[in-house]
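Note: the block below is data.cif and it holds mmCIF, C-alpha atoms.
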```cif
data_model
loop_
_atom_site.label_atom_id
_atom_site.label_comp_id
_atom_site.auth_asym_id
_atom_site.auth_seq_id
_atom_site.Cartn_x
_atom_site.Cartn_y
_atom_site.Cartn_z
CA MET D 104 0.00 0.00 0.00
CA ARG D 105 2.68 2.50 1.05
CA LYS D 106 4.76 1.95 -2.09
CA TYR D 107 1.77 2.50 -4.39
CA PHE D 108 0.57 5.53 -2.42
CA TYR D 109 3.90 7.33 -2.51
CA GLU D 110 4.48 6.58 -6.15
CA LYS D 111 1.14 8.24 -6.91
CA LEU D 112 2.02 11.15 -4.65
CA TYR D 113 5.35 11.56 -6.40
CA ARG D 114 3.57 11.67 -9.76
CA TYR D 115 1.19 14.40 -8.57
CA ILE D 116 4.00 16.52 -7.14
CA SER D 117 6.12 16.04 -10.28
CA LEU D 118 3.39 17.68 -12.32
CA TYR D 119 4.42 21.00 -10.76
CA CYS D 120 8.08 20.40 -9.95
CA LEU D 121 9.78 20.52 -13.33
CA ALA D 122 12.99 18.71 -14.16
CA ASP D 123 15.31 21.57 -13.18
CA ASN D 124 13.29 22.78 -10.17
CA THR D 125 14.62 22.33 -6.66
CA ILE D 126 12.42 21.12 -3.83
CA LEU D 127 12.71 21.27 -0.04
CA GLU D 128 10.60 19.00 2.13
CA ILE D 129 10.21 20.19 5.72
CA ASN D 130 9.40 17.82 8.58
CA ALA D 131 9.23 14.78 6.30
CA ARG D 132 7.22 11.96 7.89
CA VAL D 133 8.79 9.21 5.77
CA ASP D 134 11.75 8.95 3.43
CA ARG D 135 9.95 7.41 0.46
CA LEU D 136 9.67 10.64 -1.52
CA GLN D 137 13.37 11.34 -1.09
CA LYS D 138 14.13 8.04 -2.81
CA LEU D 139 11.88 8.94 -5.75
CA PHE D 140 13.10 12.50 -6.33
CA SER D 141 16.43 13.35 -7.95
CA SER D 142 19.37 15.23 -6.47
CA ASN D 143 17.29 18.44 -6.66
CA TYR D 144 15.47 17.28 -3.53
CA ARG D 145 16.51 18.36 0.00
CA GLU D 146 14.99 17.36 3.30
CA SER D 147 15.00 19.24 6.59
CA SER D 148 13.60 18.21 9.96
CA THR D 149 13.27 21.86 11.01
CA LEU D 150 12.67 25.19 9.33
CA PRO D 151 16.02 26.17 7.75
CA GLU D 152 17.61 29.58 8.22
CA SER D 153 17.33 30.29 4.50
CA ILE D 154 15.39 28.69 1.66
CA GLU D 155 16.57 28.97 -1.93
CA GLU D 156 14.51 26.14 -3.42
CA ASP D 157 11.75 26.65 -6.00
CA TYR D 158 9.26 24.52 -4.07
CA VAL D 159 8.67 23.84 -0.39
CA LEU D 160 6.81 20.59 0.28
CA LEU D 161 4.73 20.14 3.42
CA ASN D 162 3.58 16.54 3.11
CA GLY D 163 1.04 16.10 5.87
CA SER D 164 3.26 17.94 8.33
CA LEU D 165 0.67 20.66 9.07
CA HIS D 166 -1.39 17.98 10.79
CA TYR D 167 1.28 17.89 13.51
CA GLU D 168 2.01 21.61 13.95
CA THR D 169 0.85 23.08 17.25
CA ASP D 170 0.63 26.58 15.71
CA ILE D 171 0.09 26.44 11.97
CA GLN D 172 -0.15 30.20 11.49
CA ASP D 173 3.10 30.84 13.34
CA PHE D 174 4.89 28.14 11.32
CA LEU D 175 3.65 29.52 7.98
CA GLU D 176 4.53 33.10 8.95
CA LYS D 177 8.10 32.07 9.78
CA LEU D 178 8.26 30.10 6.54
CA ARG D 179 7.03 33.06 4.50
CA GLU D 180 9.85 35.23 5.87
CA LYS D 181 12.42 32.77 4.51
CA VAL D 182 11.12 31.93 1.03
CA LYS D 183 11.74 33.82 -2.21
CA PRO D 184 8.80 35.61 -3.87
CA LYS D 185 8.71 32.97 -6.61
CA THR D 186 8.82 30.00 -4.23
CA ARG D 187 5.71 27.82 -4.32
CA LEU D 188 4.34 25.85 -1.39
CA ILE D 189 2.96 22.38 -2.00
CA LEU D 190 0.63 21.56 0.88
CA ILE D 191 -0.60 17.99 1.20
CA TYR D 192 -3.26 17.39 3.81
CA TYR D 193 -5.76 14.62 4.42
CA SER D 194 -9.52 14.85 4.18
CA SER D 195 -11.28 14.68 7.56
CA LEU D 196 -13.69 12.15 6.00
CA TRP D 197 -10.82 9.67 6.12
CA LYS D 198 -10.07 10.21 9.81
CA PRO D 199 -11.76 6.93 10.94
CA PHE D 200 -9.71 4.95 8.39
CA PHE D 201 -6.46 6.58 9.50
CA SER D 202 -7.30 5.86 13.15
CA LEU D 203 -8.02 2.24 12.32
CA ALA D 204 -4.80 1.89 10.33
CA THR D 205 -2.82 3.35 13.22
CA PHE D 206 -4.54 1.01 15.69
CA LEU D 207 -3.71 -1.99 13.50
CA HIS D 208 -0.08 -0.83 13.20
CA LEU D 209 -0.44 -0.40 9.45
CA ARG D 210 0.99 3.10 9.84
CA LYS D 211 4.24 4.10 11.49
CA THR D 212 3.24 7.69 12.22
CA THR D 213 1.35 8.87 15.27
CA PRO D 214 -2.27 10.01 14.89
CA GLU D 215 -2.73 13.45 13.34
CA GLN D 216 -3.41 16.27 15.82
CA ASN D 217 -5.10 18.62 13.32
CA TRP D 218 -7.72 17.77 10.74
CA ILE D 219 -7.83 20.84 8.55
CA ALA D 220 -10.76 21.87 6.38
CA HIS D 221 -10.26 23.62 3.03
CA GLU D 222 -11.56 26.86 4.49
CA ASP D 223 -9.02 26.61 7.32
CA ILE D 224 -6.17 26.17 4.85
CA ASN D 225 -7.31 29.23 2.92
CA ASN D 226 -7.53 31.23 6.14
CA PHE D 227 -4.11 30.12 7.43
CA LEU D 228 -2.53 31.03 4.09
CA LEU D 229 -4.20 34.44 4.06
CA LEU D 230 -3.15 35.25 7.61
CA SER D 231 0.42 34.12 6.94
CA GLY D 232 1.08 36.13 3.79
CA PHE D 233 0.34 33.40 1.24
CA GLU D 234 -2.48 32.90 -1.23
CA LEU D 235 -3.95 29.76 -2.69
CA VAL D 236 -3.26 29.27 -6.39
CA ARG D 237 -4.75 25.85 -6.99
CA LYS D 238 -6.23 22.95 -5.00
CA GLU D 239 -7.09 19.41 -6.05
CA GLY D 240 -8.34 16.26 -4.38
CA LYS D 241 -6.62 12.97 -5.23
CA ILE D 242 -6.85 9.25 -4.50
CA LEU D 243 -9.97 7.27 -3.70
CA ILE D 244 -8.17 3.92 -3.35
CA PRO D 245 -4.81 4.29 -1.55
CA TYR D 246 -3.63 0.71 -2.10
CA TYR D 247 -2.93 -1.22 -5.27
CA ILE D 248 -5.63 -3.34 -6.86
CA PRO D 249 -4.63 -4.37 -10.40
CA LEU D 250 -6.46 -2.32 -13.07
CA ILE D 251 -9.02 -0.97 -10.60
CA SER D 252 -6.86 1.38 -8.48
CA ASN D 253 -5.26 3.21 -11.37
CA PHE D 254 -8.53 3.59 -13.26
CA ILE D 255 -10.45 4.89 -10.22
CA ASN D 256 -7.71 7.23 -9.02
CA ARG D 257 -6.91 8.62 -12.46
CA TYR D 258 -10.31 9.00 -14.12
CA ILE D 259 -12.96 8.91 -11.38
CA ALA D 260 -11.37 10.73 -8.44
CA PRO D 261 -10.97 14.09 -10.28
CA LEU D 262 -14.65 14.22 -11.28
CA PRO D 263 -17.15 16.46 -9.45
CA ILE D 264 -18.91 14.78 -6.48
CA PHE D 265 -16.37 11.92 -6.43
CA ASN D 266 -13.65 14.49 -5.78
CA PHE D 267 -15.37 15.40 -2.50
CA PHE D 268 -14.49 11.95 -1.11
CA THR D 269 -10.80 11.85 -2.07
CA MET D 270 -8.22 11.01 0.54
CA ILE D 271 -5.65 13.75 0.05
CA ASN D 272 -5.76 17.40 -0.96
CA ILE D 273 -2.89 19.05 -2.81
CA ALA D 274 -2.76 22.83 -2.60
CA ILE D 275 -0.33 25.14 -4.40
CA ALA D 276 0.27 28.51 -2.75
CA LYS D 277 2.47 31.56 -3.34
CA SER D 278 3.67 34.44 -1.20
CA THR D 279 1.68 37.67 -1.31
CA VAL D 280 4.51 39.62 0.29
CA ASP D 281 6.99 41.05 -2.19
CA ASN D 282 10.26 41.21 -0.27
CA GLU D 283 12.29 42.29 -3.28
CA ASN D 284 10.73 45.75 -3.55
CA LYS D 285 8.58 44.97 -6.58
CA PRO D 286 11.25 44.07 -9.15
CA LEU D 287 8.79 44.70 -12.02
CA LYS D 288 7.91 48.24 -10.92
CA LYS D 289 9.98 49.83 -13.70
CA ALA D 290 9.75 46.97 -16.19
CA SER D 291 9.47 47.48 -19.92
CA VAL D 292 7.25 45.54 -22.30
CA SER D 293 7.73 43.55 -25.49
CA ILE D 294 4.40 43.64 -27.36
CA VAL D 295 4.12 40.88 -29.96
CA VAL D 296 1.62 41.28 -32.81
CA ALA D 297 1.08 38.41 -35.23
CA ALA D 298 -0.28 39.92 -38.44
CA ARG D 299 -1.75 37.92 -41.33
CA ASN D 300 -3.69 39.90 -43.96
CA GLU D 301 -3.87 42.92 -41.65
CA GLU D 302 -2.52 45.60 -44.00
CA GLY D 303 -5.21 48.08 -43.03
CA ASN D 304 -4.57 47.77 -39.27
CA ILE D 305 -0.81 48.32 -39.10
CA ASP D 306 -0.89 52.13 -38.93
CA ASN D 307 -3.55 52.06 -36.19
CA ILE D 308 -1.53 49.59 -34.15
CA LEU D 309 1.42 51.97 -34.11
CA LYS D 310 -0.73 55.03 -33.41
CA ARG D 311 -2.78 53.51 -30.59
CA ILE D 312 -0.28 51.53 -28.49
CA PRO D 313 0.20 53.53 -25.25
CA LYS D 314 3.41 54.01 -23.31
CA MET D 315 3.79 51.63 -20.35
CA GLY D 316 7.41 50.91 -19.40
CA PRO D 317 10.45 53.18 -19.84
CA SER D 318 11.69 51.46 -23.04
CA ASP D 319 8.97 49.32 -24.60
CA GLU D 320 9.32 47.50 -27.91
CA LEU D 321 6.77 46.43 -30.52
CA ILE D 322 7.47 43.21 -32.43
CA LEU D 323 5.47 42.77 -35.63
CA ILE D 324 5.52 39.26 -37.10
CA GLU D 325 3.99 38.80 -40.56
CA GLY D 326 2.67 35.35 -41.40
CA ASN D 327 1.85 34.11 -44.92
CA SER D 328 -0.28 37.10 -45.93
CA THR D 329 -1.86 37.38 -49.35
CA ASP D 330 -2.15 41.16 -49.19
CA ASN D 331 0.53 43.83 -48.65
CA THR D 332 0.86 43.34 -44.88
CA TRP D 333 4.62 42.68 -45.02
CA ALA D 334 5.33 45.73 -47.17
CA LYS D 335 3.19 47.84 -44.83
CA ILE D 336 5.09 46.53 -41.79
CA GLN D 337 8.44 47.34 -43.40
CA GLU D 338 7.28 50.83 -44.28
CA ALA D 339 5.88 51.44 -40.79
CA ALA D 340 9.07 50.29 -39.10
CA LYS D 341 11.17 52.54 -41.33
CA ASN D 342 9.11 55.66 -40.74
CA HIS D 343 8.05 55.19 -37.12
CA LYS D 344 9.06 57.73 -34.50
CA GLY D 345 7.54 57.21 -31.09
CA SER D 346 7.87 56.07 -27.49
CA PHE D 347 8.78 52.47 -28.39
CA SER D 348 11.20 50.73 -30.71
CA ILE D 349 10.07 48.36 -33.46
CA LYS D 350 11.32 44.93 -34.52
CA ILE D 351 9.88 43.06 -37.47
CA GLY D 352 10.07 39.54 -38.83
CA GLN D 353 8.35 36.90 -40.93
CA GLN D 354 7.41 33.53 -39.53
CA GLU D 355 8.80 30.39 -41.14
CA GLY D 356 5.93 28.13 -40.08
CA LYS D 357 2.17 28.51 -39.97
CA GLY D 358 -0.39 29.58 -37.38
CA LYS D 359 -0.54 32.33 -34.79
CA GLY D 360 1.25 30.16 -32.23
CA ASP D 361 4.33 29.87 -34.45
CA ALA D 362 4.32 33.63 -35.04
CA VAL D 363 4.00 34.38 -31.32
CA ARG D 364 6.87 32.04 -30.45
CA LYS D 365 9.06 33.75 -33.04
CA GLY D 366 8.13 37.14 -31.61
CA PHE D 367 8.89 36.03 -28.07
CA SER D 368 12.27 34.72 -29.21
CA MET D 369 13.08 38.24 -30.45
CA ALA D 370 11.83 39.93 -27.27
CA THR D 371 14.29 41.51 -24.83
CA LYS D 372 12.07 43.23 -22.24
CA GLU D 373 10.96 41.96 -18.81
CA ILE D 374 7.25 41.61 -19.67
CA LEU D 375 5.81 39.87 -22.74
CA MET D 376 2.42 40.82 -24.21
CA ILE D 377 0.34 39.51 -27.10
CA LEU D 378 -1.94 41.91 -28.96
CA ASP D 379 -4.17 40.68 -31.78
CA ALA D 380 -3.63 42.62 -34.99
CA ASP D 381 -7.38 42.91 -35.65
CA LEU D 382 -7.63 45.45 -32.79
CA THR D 383 -10.82 43.89 -31.43
CA VAL D 384 -9.07 44.26 -28.08
CA PRO D 385 -8.31 48.00 -27.88
CA PRO D 386 -4.57 48.75 -27.48
CA GLU D 387 -5.64 51.45 -25.02
CA ASP D 388 -6.53 48.63 -22.58
CA LEU D 389 -2.98 47.27 -22.44
CA PRO D 390 -1.98 49.41 -19.39
CA LYS D 391 -4.57 47.47 -17.36
CA PHE D 392 -2.65 44.27 -18.11
CA TYR D 393 0.63 46.01 -17.37
CA ARG D 394 -0.52 47.24 -13.96
CA ALA D 395 -1.94 43.82 -13.07
CA ILE D 396 1.41 42.09 -13.52
CA VAL D 397 3.63 44.93 -12.25
CA ASP D 398 1.56 45.34 -9.07
CA GLY D 399 1.71 41.59 -8.40
CA LYS D 400 -2.01 40.94 -8.88
CA GLY D 401 -1.17 37.93 -11.03
CA GLU D 402 1.67 36.23 -12.88
CA TYR D 403 -0.24 35.24 -16.00
CA ILE D 404 -2.72 37.89 -17.09
CA ASN D 405 -5.49 36.80 -19.44
CA GLY D 406 -7.99 39.05 -21.19
CA SER D 407 -11.71 38.45 -20.73
CA ARG D 408 -14.15 39.63 -23.42
CA LEU D 409 -17.24 38.22 -21.72
CA VAL D 410 -17.78 40.73 -18.91
CA TYR D 411 -18.72 44.00 -20.62
CA PRO D 412 -21.31 44.27 -23.41
CA MET D 413 -19.58 43.83 -26.78
CA GLU D 414 -20.26 45.51 -30.08
CA GLU D 415 -23.02 43.89 -32.15
CA LYS D 416 -20.85 42.01 -34.65
CA ALA D 417 -17.78 41.49 -32.47
CA MET D 418 -18.60 37.83 -31.74
CA ARG D 419 -21.05 35.51 -33.46
CA PHE D 420 -23.57 33.49 -31.43
CA PHE D 421 -21.93 30.08 -31.83
CA ASN D 422 -18.54 31.60 -31.07
CA MET D 423 -20.03 32.90 -27.83
CA ILE D 424 -21.37 29.44 -26.93
CA GLY D 425 -17.98 27.91 -27.73
CA ASN D 426 -16.17 30.46 -25.59
CA LYS D 427 -18.39 29.77 -22.59
CA PHE D 428 -18.03 25.99 -22.98
CA PHE D 429 -14.25 26.11 -23.22
CA ALA D 430 -14.04 28.54 -20.28
CA LEU D 431 -15.91 26.09 -18.03
CA ALA D 432 -13.95 23.10 -19.33
CA PHE D 433 -10.56 24.75 -18.92
CA SER D 434 -11.46 25.99 -15.43
CA PHE D 435 -12.19 22.40 -14.43
CA VAL D 436 -9.07 20.96 -16.03
CA LEU D 437 -6.60 23.63 -14.90
CA GLY D 438 -7.95 24.21 -11.39
CA GLN D 439 -8.13 27.99 -11.78
CA ARG D 440 -11.12 30.06 -12.87
CA PHE D 441 -11.36 31.15 -16.48
CA LYS D 442 -14.16 33.20 -17.97
CA ASP D 443 -12.58 33.54 -21.42
CA THR D 444 -9.73 31.29 -22.60
CA LEU D 445 -9.88 32.44 -26.21
CA CYS D 446 -9.07 36.13 -25.80
CA GLY D 447 -5.86 36.83 -27.71
CA THR D 448 -4.38 39.30 -25.22
CA LYS D 449 -2.14 37.52 -22.72
CA VAL D 450 0.73 38.74 -20.54
CA LEU D 451 3.51 37.09 -18.52
CA THR D 452 7.09 37.83 -17.57
CA ARG D 453 9.88 36.86 -19.92
CA GLU D 454 11.49 34.90 -17.08
CA ASN D 455 8.39 32.75 -16.62
CA TYR D 456 8.00 32.32 -20.37
CA LEU D 457 11.55 31.02 -20.76
CA GLN D 458 10.92 28.48 -17.99
CA LEU D 459 7.63 27.51 -19.64
CA ALA D 460 9.31 27.12 -23.05
CA LYS D 461 11.98 24.82 -21.63
CA ASN D 462 9.26 22.40 -20.54
CA ARG D 463 6.94 22.82 -23.52
CA THR D 464 7.41 19.22 -24.66
CA TYR D 465 5.23 17.99 -21.76
CA PHE D 466 2.14 19.22 -23.61
CA GLY D 467 3.64 19.09 -27.09
CA GLU D 468 3.92 21.87 -29.67
CA PHE D 469 0.80 21.32 -31.74
CA ASP D 470 -1.09 24.41 -30.53
CA PRO D 471 -1.68 26.46 -33.71
CA PHE D 472 -3.04 29.43 -31.72
CA GLY D 473 -0.28 29.85 -29.15
CA ASP D 474 -2.78 30.75 -26.41
CA PHE D 475 -3.11 27.30 -24.86
CA ASP D 476 0.57 26.56 -24.93
CA LEU D 477 0.85 29.51 -22.52
CA ILE D 478 -2.24 28.64 -20.47
CA PHE D 479 -1.27 24.98 -19.97
CA GLY D 480 2.33 25.82 -19.14
CA SER D 481 1.40 28.59 -16.70
CA ALA D 482 -1.09 26.37 -14.89
CA ARG D 483 1.48 23.58 -14.57
CA MET D 484 4.05 26.02 -13.16
CA GLY D 485 1.52 27.10 -10.52
CA LEU D 486 1.43 30.70 -11.73
CA LYS D 487 -1.32 32.89 -10.36
CA ILE D 488 -3.75 33.46 -13.24
CA VAL D 489 -5.81 36.68 -13.28
CA GLU D 490 -8.26 37.90 -15.90
CA VAL D 491 -8.59 41.54 -16.96
CA PRO D 492 -12.03 42.42 -18.41
CA ILE D 493 -11.86 44.34 -21.68
CA SER D 494 -14.41 45.88 -24.05
CA TYR D 495 -14.47 43.71 -27.16
CA ARG D 496 -14.77 45.65 -30.41
CA GLU D 497 -15.99 44.77 -33.88
CA ARG D 498 -13.28 44.21 -36.48
CA THR D 499 -13.12 47.24 -38.83
CA TYR D 500 -10.71 45.84 -41.43
CA GLY D 501 -10.28 42.43 -43.04
CA GLU D 502 -11.78 39.09 -42.10
CA THR D 503 -11.17 36.76 -39.17
CA ASN D 504 -8.53 34.05 -39.57
CA ILE D 505 -10.51 31.73 -37.28
CA SER D 506 -12.68 28.91 -38.63
CA ARG D 507 -15.17 28.28 -35.85
CA TRP D 508 -15.85 24.60 -36.60
CA ARG D 509 -12.42 23.42 -37.76
CA HIS D 510 -10.60 25.30 -35.03
CA GLY D 511 -13.27 24.25 -32.53
CA VAL D 512 -12.38 20.61 -33.19
CA ILE D 513 -8.69 21.44 -32.69
CA LEU D 514 -9.50 23.18 -29.39
CA LEU D 515 -11.50 20.21 -28.18
CA THR D 516 -8.65 17.86 -29.08
CA MET D 517 -6.20 20.06 -27.19
CA LEU D 518 -8.51 20.19 -24.18
CA ILE D 519 -8.77 16.40 -24.00
CA PHE D 520 -5.01 16.06 -24.41
CA ALA D 521 -4.32 18.60 -21.67
CA ALA D 522 -6.85 16.95 -19.35
CA ARG D 523 -4.93 13.68 -19.59
CA LYS D 524 -1.64 15.45 -18.85
CA ILE D 525 -2.67 17.76 -16.01
CA LYS D 526 -5.98 16.58 -14.50
CA PHE D 527 -6.36 12.84 -15.07
CA ILE D 528 -2.87 11.69 -14.15
#
```

Whole structure, structure tokens version:
Amino acid sequence: MRKYFYEKLYRYISLYCLADNTILEINARVDRLQKLFSSNYRESSTLPESIEEDYVLLNGSLHYETDIQDFLEKLREKVKPKTRLILIYYSSLWKPFFSLATFLHLRKTTPEQNWIAHEDINNFLLLSGFELVRKEGKILIPYYIPLISNFINRYIAPLPIFNFFTMINIAIAKSTVDNENKPLKKASVSIVVAARNEEGNIDNILKRIPKMGPSDELILIEGNSTDNTWAKIQEAAKNHKGSFSIKIGQQEGKGKGDAVRKGFSMATKEILMILDADLTVPPEDLPKFYRAIVDGKGEYINGSRLVYPMEEKAMRFFNMIGNKFFALAFSFVLGQRFKDTLCGTKVLTRENYLQLAKNRTYFGEFDPFGDFDLIFGSARMGLKIVEVPISYRERTYGETNISRWRHGVILLTMLIFAARKIKFI
């Protein structure tokens, strides 16, 4: 039982702890996880004087703390702003089974002192200077039964209602206290615009992008246009005089995702932004995204078009239905709330993007849009995802490059693939 349980636990933790991440486990109850992790793992029986690791693992240890708030406050003072906590705690519904296992000497540990509800965890984190990023319930059958255990724990346990009865809860939390004096306060922005058949929008893009950081840059990537978009981009870059510099390029592959990745590879600023060339998201709204990430409100900022009323022809009815469906589905799969996953405006730091790109192969590189590559990677890294409502405008030039049915099938395929990699594991 113990071997199977800890192998499953290791798999869940490894979803967040990437290959080059370091992990510190404090007050480890058993040594089984240490044997499964690589040399990037460190164990401490007490709270160390300093913590440099990317992740701090508290595997059931909060059940034995006499003062959880005091422990978490001391821990928060020692971690880096980017450090993530992985909190593993048991469901109180399983208390009778744990007591029985202890009585029968099937467990080596002493009975847990604290049985902590989800609301208590949220409250302790809030009081201690942390915030919850994501929480999931795992494991309905903690011992190995051939075929049955893996099927139940992988495909049934994550489902609504069944998830209420799971044995363990895994919470990811981050510090809300910036002890590095807001390193992004004076950050500049690289704004990437993928433009295909957008000749008539190029001048407006340059005119309407507002100043945000001290030395922003605009990166225009042309992709397989059949009009004069590339010539217009070259002309605009040559004649532009303004508050930001311009870089231009042509993508070698196909799809917005390929263009965005090329643009990001050319970016040099601390913050990366995507702006759709059709200007249905007003460039004047970009400072809202900038402030959200600079002020530490979130680490991955996603636009939401479904809050304010939109212009009459901005989004067709079936597109609206599709957006709402995918928002609900992605919220379930990724464990963080989404109202609009398909908005093209997305923002994250260049540092986080480079880390995400290094581990892109986990989800594959078949995302033609580029949006979900970023969403999946950010969720796996435990980044705090925040949505900024925007006023969605009707396109005034050209035609959409989106095919609602063909691309809808691709989105559904990607959703199922991601669910198997991040939810049903």

Quick one: apply the PyMOL selection byres ((chain D and resi 484-492) around 7) to the file and drop the selected residues here as a PDB file with C-alpha atoms, in the frame of the given file.
```
ATOM      1  CA  TYR D 119       4.420  21.000 -10.760  1.00  0.00           C
ATOM      2  CA  VAL D 236      -3.260  29.270  -6.390  1.00  0.00           C
ATOM      3  CA  ILE D 275      -0.330  25.140  -4.400  1.00  0.00           C
ATOM      4  CA  PHE D 392      -2.650  44.270 -18.110  1.00  0.00           C
ATOM      5  CA  GLY D 401      -1.170  37.930 -11.030  1.00  0.00           C
ATOM      6  CA  GLU D 402       1.670  36.230 -12.880  1.00  0.00           C
ATOM      7  CA  TYR D 403      -0.240  35.240 -16.000  1.00  0.00           C
ATOM      8  CA  ILE D 404      -2.720  37.890 -17.090  1.00  0.00           C
ATOM      9  CA  ASN D 405      -5.490  36.800 -19.440  1.00  0.00           C
ATOM     10  CA  GLY D 406      -7.990  39.050 -21.190  1.00  0.00           C
ATOM     11  CA  SER D 407     -11.710  38.450 -20.730  1.00  0.00           C
ATOM     12  CA  ARG D 408     -14.150  39.630 -23.420  1.00  0.00           C
ATOM     13  CA  VAL D 410     -17.780  40.730 -18.910  1.00  0.00           C
ATOM     14  CA  GLY D 480       2.330  25.820 -19.140  1.00  0.00           C
ATOM     15  CA  SER D 481       1.400  28.590 -16.700  1.00  0.00           C
ATOM     16  CA  ALA D 482      -1.090  26.370 -14.890  1.00  0.00           C
ATOM     17  CA  ARG D 483       1.480  23.580 -14.570  1.00  0.00           C
ATOM     18  CA  ILE D 493     -11.860  44.340 -21.680  1.00  0.00           C
TER      19      ILE D 493
END
```

Q: Report as a PyMOL selection string the residues that result from applying the PyMOL selection byres ((chain D and resi 126) around 7) to the structure here.
A: chain D and resi 124-125+127-128+143-145+156-160

Q. Which residues come within 6 Å of range 332-343 of chain D, counting all atoms listed in the file, excluding same-chain residues fewer than 2 positions away, as a list in words?
A. Asn300, Glu301, Glu302, Glu325 and Asp330 of chain D

Could you take the residues named above and write them with C-alpha atoms, as a PDB file, keeping the file's coordinate frame?
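For reference, result_27.pdb as written:
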```
ATOM      1  CA  ASN D 300      -3.690  39.900 -43.960  1.00  0.00           C
ATOM      2  CA  GLU D 301      -3.870  42.920 -41.650  1.00  0.00           C
ATOM      3  CA  GLU D 302      -2.520  45.600 -44.000  1.00  0.00           C
ATOM      4  CA  GLU D 325       3.990  38.800 -40.560  1.00  0.00           C
ATOM      5  CA  ASP D 330      -2.150  41.160 -49.190  1.00  0.00           C
TER       6      ASP D 330
END
```

Q: Tell me, as a ChimeraX atom specification, which residues lie within 9 Å of range 363-372 of chain D, counting only C-alpha atoms; anything in the same chain fewer than 4 positions away does not count.
A: /D:290-297,318-324,350-355,358-359,376-377,452-453,456,472-473

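Residues lying within 12 Å of Phe428 in chain D, counting only C-alpha atoms and ignoring same-chain neighbours fewer than 2 positions away, are Phe421, Asn422, Met423, Ile424, Gly425, Asn426, Ala430, Leu431, Ala432, Phe433, Ser434, Phe435, Phe441, Lys442, Asp443, Thr444, Leu445, Gly511, Leu514, Leu515 and Leu518 of chain D.
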
(Q) Suppose a student applies the PyMOL selection byres ((chain D and resi 105) around 10) to this structure; what residues should they get, written as a ChimeraX atom specification? (A) /D:104,106-111,135,209-210,245-247

Q.
Using all atoms listed in the file for the distances, tell me which of D:Lys138, D:Ile189, D:Pro263, D:Ala380 is nearest to Asn162 in chain D.
A. D:Ile189

Q: In the coordinate frame of the file, compute which residues have an atom within 9 Å of (3.0, 18.6, -21.8) when using all atoms listed in the file, and state them as a ChimeraX atom specification.
A: /D:462-468,476,479-480,483,520-521,524-525

Q: Show which residues sit within 10 Å of Leu175 in chain D, as a PyMOL selection string. Count only C-alpha atoms, and ignore same-chain residues fewer than 3 positions away.
A: chain D and resi 165+170-172+178-181+227-228+230-233

Atoms to include: C-alpha atoms. Write the selected residues as a compact mmCIF listing (two decimals), in the coordinates of the input.
```txt
# COMPACT_ATOMS: atom_id res chain seq x y z
CA LEU D 165 0.67 20.66 9.07
CA ASP D 170 0.63 26.58 15.71
CA ILE D 171 0.09 26.44 11.97
CA GLN D 172 -0.15 30.20 11.49
CA LEU D 178 8.26 30.10 6.54
CA ARG D 179 7.03 33.06 4.50
CA GLU D 180 9.85 35.23 5.87
CA LYS D 181 12.42 32.77 4.51
CA PHE D 227 -4.11 30.12 7.43
CA LEU D 228 -2.53 31.03 4.09
CA LEU D 230 -3.15 35.25 7.61
CA SER D 231 0.42 34.12 6.94
CA GLY D 232 1.08 36.13 3.79
CA PHE D 233 0.34 33.40 1.24
```

Q. Using all atoms listed in the file, which residue out of D:Ile478, D:Leu262, D:Ala274, D:Leu243 lies closest to Leu451 in chain D?
A. D:Ile478

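Nearest to Asn455 in chain D of all the residues D:Tyr495, D:Leu375, D:Glu387, D:Leu382 is D:Leu375, based on only C-alpha atoms.
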
Q | All residues 7 Å or closer to range 239-242 of chain D, all atoms listed in the file, same chain fewer than 2 positions away omitted, as a VMD selection string | A | chain D and resid 237 244 to 245 256 260 to 261 266 269 to 274
